[in-house]
Amino acid sequence: PKSSVRIIYQGETTYDKDEAHAIKSLGEILSIKLIEKLREEESGVYGVGAQGRIQKIPYGWFNFSISFPCGPENVDKLKVSAIGEVSTIIKNGPTDKDLAKIKEAQILKRKQQLKQNKFWLNSLRNADFYDNDMARVFNYEEDINKLTKKDVQDVAKKYLSDGYILCIHNPEK
């Protein structure tokens, strides 16, 4: 038997490109922490992930979610552990090691994307549709490197402090 758990934070906001990058990075950092805690320490899940985004169309909106499958008997314990990891980042921010790890991964991913036609087509389309600055494609490494622990912590405080929606899908009895 397997349960699926999803913890969702969402609401209206004003779009800001730096906050959008910070909340995306928060998702990557929290994924690392949740794997360490829920999978490696507690042996409660095989996979767990967190992701965040801020969008500006049709209006400013943020969404941050944590999801994982687990045994029905572990739902409450693992939910508490996941929320604990969120609270730790809100209180202390991410570690230097985790921030460096996600920055390195983001830079590597961008270097790979720059070689793909699909990336360029999407970048051009999005620049037109979302009125994005195409220069950001070339300044991406600079944008990544200017992200600080405080930026990530501030986004966590702003968007993950006011409660969440808990969704649990349990197997039939």
# chains A, B, ... in the order shown; residues from 1 in each chain; ligands from 1
call {"tool": "residues_around", "arguments": {"residues": "Gly52 of chain A", "least_positions_apart": "2", "cutoff": "7 Å", "atoms": "only C-alpha atoms", "output": "VMD selection string"}}
result
chain A and resid 23 to 24 27 50 63 to 65
call {"tool": "write_last_selection", "arguments": {"atoms": "all heavy atoms", "output": "PDB file, in the first residue's frame"}}
result
ATOM      1  N   ILE A  23      12.950  31.363  -5.503  1.00  0.00           N
ATOM      2  CA  ILE A  23      11.997  30.330  -5.086  1.00  0.00           C
ATOM      3  C   ILE A  23      12.244  29.022  -5.848  1.00  0.00           C
ATOM      4  O   ILE A  23      12.073  27.930  -5.307  1.00  0.00           O
ATOM      5  CB  ILE A  23      10.531  30.802  -5.198  1.00  0.00           C
ATOM      6  CG1 ILE A  23       9.643  29.938  -4.294  1.00  0.00           C
ATOM      7  CG2 ILE A  23      10.040  30.783  -6.623  1.00  0.00           C
ATOM      8  CD1 ILE A  23       8.245  30.493  -4.076  1.00  0.00           C
ATOM      9  N   LYS A  24      12.680  29.132  -7.100  1.00  0.00           N
ATOM     10  CA  LYS A  24      13.053  27.931  -7.860  1.00  0.00           C
ATOM     11  C   LYS A  24      14.256  27.263  -7.182  1.00  0.00           C
ATOM     12  O   LYS A  24      14.292  26.045  -6.997  1.00  0.00           O
ATOM     13  CB  LYS A  24      13.388  28.306  -9.299  1.00  0.00           C
ATOM     14  CG  LYS A  24      13.858  27.167 -10.166  1.00  0.00           C
ATOM     15  CD  LYS A  24      14.224  27.699 -11.561  1.00  0.00           C
ATOM     16  CE  LYS A  24      14.800  26.640 -12.454  1.00  0.00           C
ATOM     17  NZ  LYS A  24      16.100  26.148 -12.036  1.00  0.00           N
ATOM     18  N   GLY A  27      13.365  25.452  -4.022  1.00  0.00           N
ATOM     19  CA  GLY A  27      12.852  24.118  -4.304  1.00  0.00           C
ATOM     20  C   GLY A  27      13.962  23.103  -4.496  1.00  0.00           C
ATOM     21  O   GLY A  27      13.893  21.972  -3.987  1.00  0.00           O
ATOM     22  N   ALA A  50      10.762  18.921  -4.148  1.00  0.00           N
ATOM     23  CA  ALA A  50      10.134  20.216  -3.881  1.00  0.00           C
ATOM     24  C   ALA A  50      10.388  21.097  -5.090  1.00  0.00           C
ATOM     25  O   ALA A  50      11.451  21.012  -5.715  1.00  0.00           O
ATOM     26  CB  ALA A  50      10.721  20.851  -2.629  1.00  0.00           C
ATOM     27  N   ASN A  63       3.572  29.369  -6.434  1.00  0.00           N
ATOM     28  CA  ASN A  63       3.211  27.997  -6.082  1.00  0.00           C
ATOM     29  C   ASN A  63       4.481  27.304  -5.632  1.00  0.00           C
ATOM     30  O   ASN A  63       5.503  27.383  -6.309  1.00  0.00           O
ATOM     31  CB  ASN A  63       2.601  27.291  -7.288  1.00  0.00           C
ATOM     32  CG  ASN A  63       2.225  25.857  -6.979  1.00  0.00           C
ATOM     33  OD1 ASN A  63       3.094  25.005  -6.837  1.00  0.00           O
ATOM     34  ND2 ASN A  63       0.941  25.596  -6.882  1.00  0.00           N
ATOM     35  N   PHE A  64       4.412  26.645  -4.499  1.00  0.00           N
ATOM     36  CA  PHE A  64       5.531  25.862  -3.990  1.00  0.00           C
ATOM     37  C   PHE A  64       4.958  24.558  -3.475  1.00  0.00           C
ATOM     38  O   PHE A  64       3.984  24.561  -2.721  1.00  0.00           O
ATOM     39  CB  PHE A  64       6.260  26.596  -2.854  1.00  0.00           C
ATOM     40  CG  PHE A  64       7.569  25.977  -2.504  1.00  0.00           C
ATOM     41  CD1 PHE A  64       8.730  26.398  -3.131  1.00  0.00           C
ATOM     42  CD2 PHE A  64       7.650  24.941  -1.583  1.00  0.00           C
ATOM     43  CE1 PHE A  64       9.944  25.806  -2.834  1.00  0.00           C
ATOM     44  CE2 PHE A  64       8.859  24.344  -1.280  1.00  0.00           C
ATOM     45  CZ  PHE A  64      10.013  24.776  -1.907  1.00  0.00           C
ATOM     46  N   SER A  65       5.527  23.441  -3.917  1.00  0.00           N
ATOM     47  CA  SER A  65       4.985  22.162  -3.470  1.00  0.00           C
ATOM     48  C   SER A  65       6.087  21.187  -3.090  1.00  0.00           C
ATOM     49  O   SER A  65       7.196  21.225  -3.629  1.00  0.00           O
ATOM     50  CB  SER A  65       4.086  21.548  -4.534  1.00  0.00           C
ATOM     51  OG  SER A  65       4.840  21.187  -5.668  1.00  0.00           O
TER      52      SER A  65
END
call {"tool": "residues_around", "arguments": {"residues": "Asn122 of chain A", "least_positions_apart": "6", "cutoff": "12 Å", "atoms": "only C-alpha atoms", "output": "compact mmCIF listing (two decimals) with C-alpha atoms, in the first residue's frame"}}
result
# COMPACT_ATOMS: atom_id res chain seq x y z
CA GLN A 113 20.80 24.14 -22.82
CA LEU A 114 22.75 26.72 -24.83
CA GLN A 116 20.01 22.96 -27.93
CA ASP A 128 8.08 37.88 -26.96
CA PHE A 129 5.14 36.37 -25.06
CA TYR A 130 6.21 37.29 -21.52
CA ASN A 132 11.31 38.99 -21.11
CA MET A 134 16.69 38.22 -24.01
CA VAL A 137 20.03 34.35 -21.49
call {"tool": "residues_around", "arguments": {"residues": "Lys157 of chain A", "least_positions_apart": "4", "cutoff": "8 Å", "atoms": "only C-alpha atoms", "output": "number ranges by chain"}}
result
A: 90, 153, 161
call {"tool": "write_last_selection", "arguments": {"atoms": "all heavy atoms", "output": "CSV table (one decimal), in the first residue's frame"}}
result
chain,number,residue,atom,x,y,z
A,90,ILE,N,13.6,28.5,6.8
A,90,ILE,CA,13.0,29.8,7.2
A,90,ILE,C,13.8,30.4,8.3
A,90,ILE,O,14.1,31.6,8.3
A,90,ILE,CB,11.5,29.6,7.6
A,90,ILE,CG1,10.7,29.3,6.3
A,90,ILE,CG2,11.0,30.9,8.3
A,90,ILE,CD1,9.2,28.9,6.7
A,153,GLN,N,16.5,32.5,2.0
A,153,GLN,CA,15.8,32.5,3.3
A,153,GLN,C,14.7,33.5,3.3
A,153,GLN,O,13.6,33.2,3.8
A,153,GLN,CB,16.8,32.9,4.4
A,153,GLN,CG,16.2,32.9,5.8
A,153,GLN,CD,17.2,33.2,6.9
A,153,GLN,OE1,18.3,33.7,6.6
A,153,GLN,NE2,16.8,32.9,8.1
A,161,SER,N,5.5,30.8,5.1
A,161,SER,CA,5.3,31.0,6.5
A,161,SER,C,3.8,31.1,6.9
A,161,SER,O,3.4,31.0,8.0
A,161,SER,CB,5.9,32.3,7.0
A,161,SER,OG,7.3,32.2,7.0
call {"tool": "select_by_dssp", "arguments": {"residues": "segment 96-153 of chain A", "states": "alpha helix (DSSP H)", "output": "JSON, numbers by chain"}}
result
{"A": [96, 97, 98, 99, 100, 101, 102, 103, 104, 105, 106, 107, 108, 109, 110, 111, 112, 113, 117, 118, 119, 120, 121, 122, 123, 124, 125, 126, 127, 128, 129, 135, 136, 137, 138, 140, 141, 142, 143, 144, 145, 149, 150, 151, 152, 153]}
call {"tool": "write_last_selection", "arguments": {"atoms": "C-alpha atoms", "output": "mmCIF file, in the first residue's frame"}}
result
data_model
loop_
_atom_site.group_PDB
_atom_site.id
_atom_site.type_symbol
_atom_site.label_atom_id
_atom_site.label_comp_id
_atom_site.auth_asym_id
_atom_site.auth_seq_id
_atom_site.Cartn_x
_atom_site.Cartn_y
_atom_site.Cartn_z
ATOM 1 C CA ASP A 96 26.733 27.226 2.023
ATOM 2 C CA LYS A 97 27.303 23.711 0.693
ATOM 3 C CA ASP A 98 23.711 23.276 -0.548
ATOM 4 C CA LEU A 99 23.626 26.730 -2.143
ATOM 5 C CA ALA A 100 26.924 26.070 -3.939
ATOM 6 C CA LYS A 101 25.651 22.670 -5.115
ATOM 7 C CA ILE A 102 22.498 24.041 -6.739
ATOM 8 C CA LYS A 103 24.342 26.993 -8.284
ATOM 9 C CA GLU A 104 26.826 24.609 -9.889
ATOM 10 C CA ALA A 105 23.987 22.420 -11.188
ATOM 11 C CA GLN A 106 22.097 25.428 -12.601
ATOM 12 C CA ILE A 107 25.195 26.712 -14.420
ATOM 13 C CA LEU A 108 25.938 23.270 -15.853
ATOM 14 C CA LYS A 109 22.338 22.859 -16.995
ATOM 15 C CA ARG A 110 22.395 26.254 -18.730
ATOM 16 C CA LYS A 111 25.641 25.422 -20.531
ATOM 17 C CA GLN A 112 23.982 22.271 -21.857
ATOM 18 C CA GLN A 113 20.801 24.141 -22.818
ATOM 19 C CA ASN A 117 17.717 24.447 -30.554
ATOM 20 C CA LYS A 118 14.670 23.799 -28.360
ATOM 21 C CA PHE A 119 16.126 26.067 -25.671
ATOM 22 C CA TRP A 120 16.663 28.912 -28.151
ATOM 23 C CA LEU A 121 13.200 28.558 -29.662
ATOM 24 C CA ASN A 122 11.593 28.623 -26.211
ATOM 25 C CA SER A 123 13.740 31.580 -25.126
ATOM 26 C CA LEU A 124 12.761 33.622 -28.190
ATOM 27 C CA ARG A 125 9.076 32.710 -27.841
ATOM 28 C CA ASN A 126 9.069 33.533 -24.118
ATOM 29 C CA ALA A 127 10.900 36.813 -24.662
ATOM 30 C CA ASP A 128 8.084 37.882 -26.958
ATOM 31 C CA PHE A 129 5.135 36.373 -25.065
ATOM 32 C CA ALA A 135 19.926 39.537 -22.512
ATOM 33 C CA ARG A 136 19.153 37.428 -19.432
ATOM 34 C CA VAL A 137 20.030 34.347 -21.489
ATOM 35 C CA PHE A 138 23.594 35.591 -21.658
ATOM 36 C CA TYR A 140 22.299 33.818 -16.498
ATOM 37 C CA GLU A 141 25.554 32.745 -14.846
ATOM 38 C CA GLU A 142 25.901 36.200 -13.306
ATOM 39 C CA ASP A 143 22.278 35.999 -12.040
ATOM 40 C CA ILE A 144 22.967 32.572 -10.529
ATOM 41 C CA ASN A 145 26.152 33.679 -8.804
ATOM 42 C CA LYS A 149 21.645 32.482 1.313
ATOM 43 C CA LYS A 150 19.690 35.513 2.525
ATOM 44 C CA ASP A 151 17.763 35.714 -0.776
ATOM 45 C CA VAL A 152 16.666 32.099 -0.402
ATOM 46 C CA GLN A 153 15.833 32.528 3.280
#
call {"tool": "atom_distance", "arguments": {"atom1": "atom CA of Arg6 of chain A", "atom2": "atom CA of Cys167 of chain A"}}
result
5.1 Å
call {"tool": "select_by_dssp", "arguments": {"residues": "segment 6-163 of chain A", "states": "strand (DSSP E or B)", "output": "ChimeraX atom specification"}}
result
/A:6-12,49-55,61-70
call {"tool": "closest_residue", "arguments": {"among": "A:Ser67, A:Asp133, A:Gln51, A:Ser81", "to": "Lys17 of chain A", "atoms": "only C-alpha atoms"}}
result
A:Asp133
call {"tool": "closest_residue", "arguments": {"among": "A:Ile57, A:Phe62, A:Lys77, A:His21", "to": "Asp131 of chain A", "atoms": "only C-alpha atoms"}}
result
A:Ile57
call {"tool": "atom_distance", "arguments": {"atom1": "atom CA of Glu19 of chain A", "atom2": "atom CA of Val48 of chain A"}}
result
23.4 Å
call {"tool": "atom_distance", "arguments": {"atom1": "atom CA of Val45 of chain A", "atom2": "atom CA of Lys33 of chain A"}}
result
13.1 Å
call {"tool": "closest_residue", "arguments": {"among": "A:His169, A:Lys56, A:Lys37, A:Lys91", "to": "Glu12 of chain A", "atoms": "only C-alpha atoms"}}
result
A:Lys56
call {"tool": "residues_around", "arguments": {"residues": "Gly49 of chain A", "least_positions_apart": "3", "cutoff": "9 Å", "atoms": "only C-alpha atoms", "output": "list of chain:residue names"}}
result
A:Gly27, A:Glu28, A:Leu30, A:Ser31, A:Ile32, A:Leu34, A:Ile35, A:Ser65, A:Ile66, A:Ser67, A:Phe68
call {"tool": "closest_residue", "arguments": {"among": "A:Lys146, A:Lys2, A:Lys158, A:Lys173", "to": "Ile89 of chain A", "atoms": "only C-alpha atoms"}}
result
A:Lys158
call {"tool": "closest_residue", "arguments": {"among": "A:Ile29, A:Leu38, A:Val80, A:Ala22", "to": "Leu166 of chain A", "atoms": "only C-alpha atoms"}}
result
A:Val80
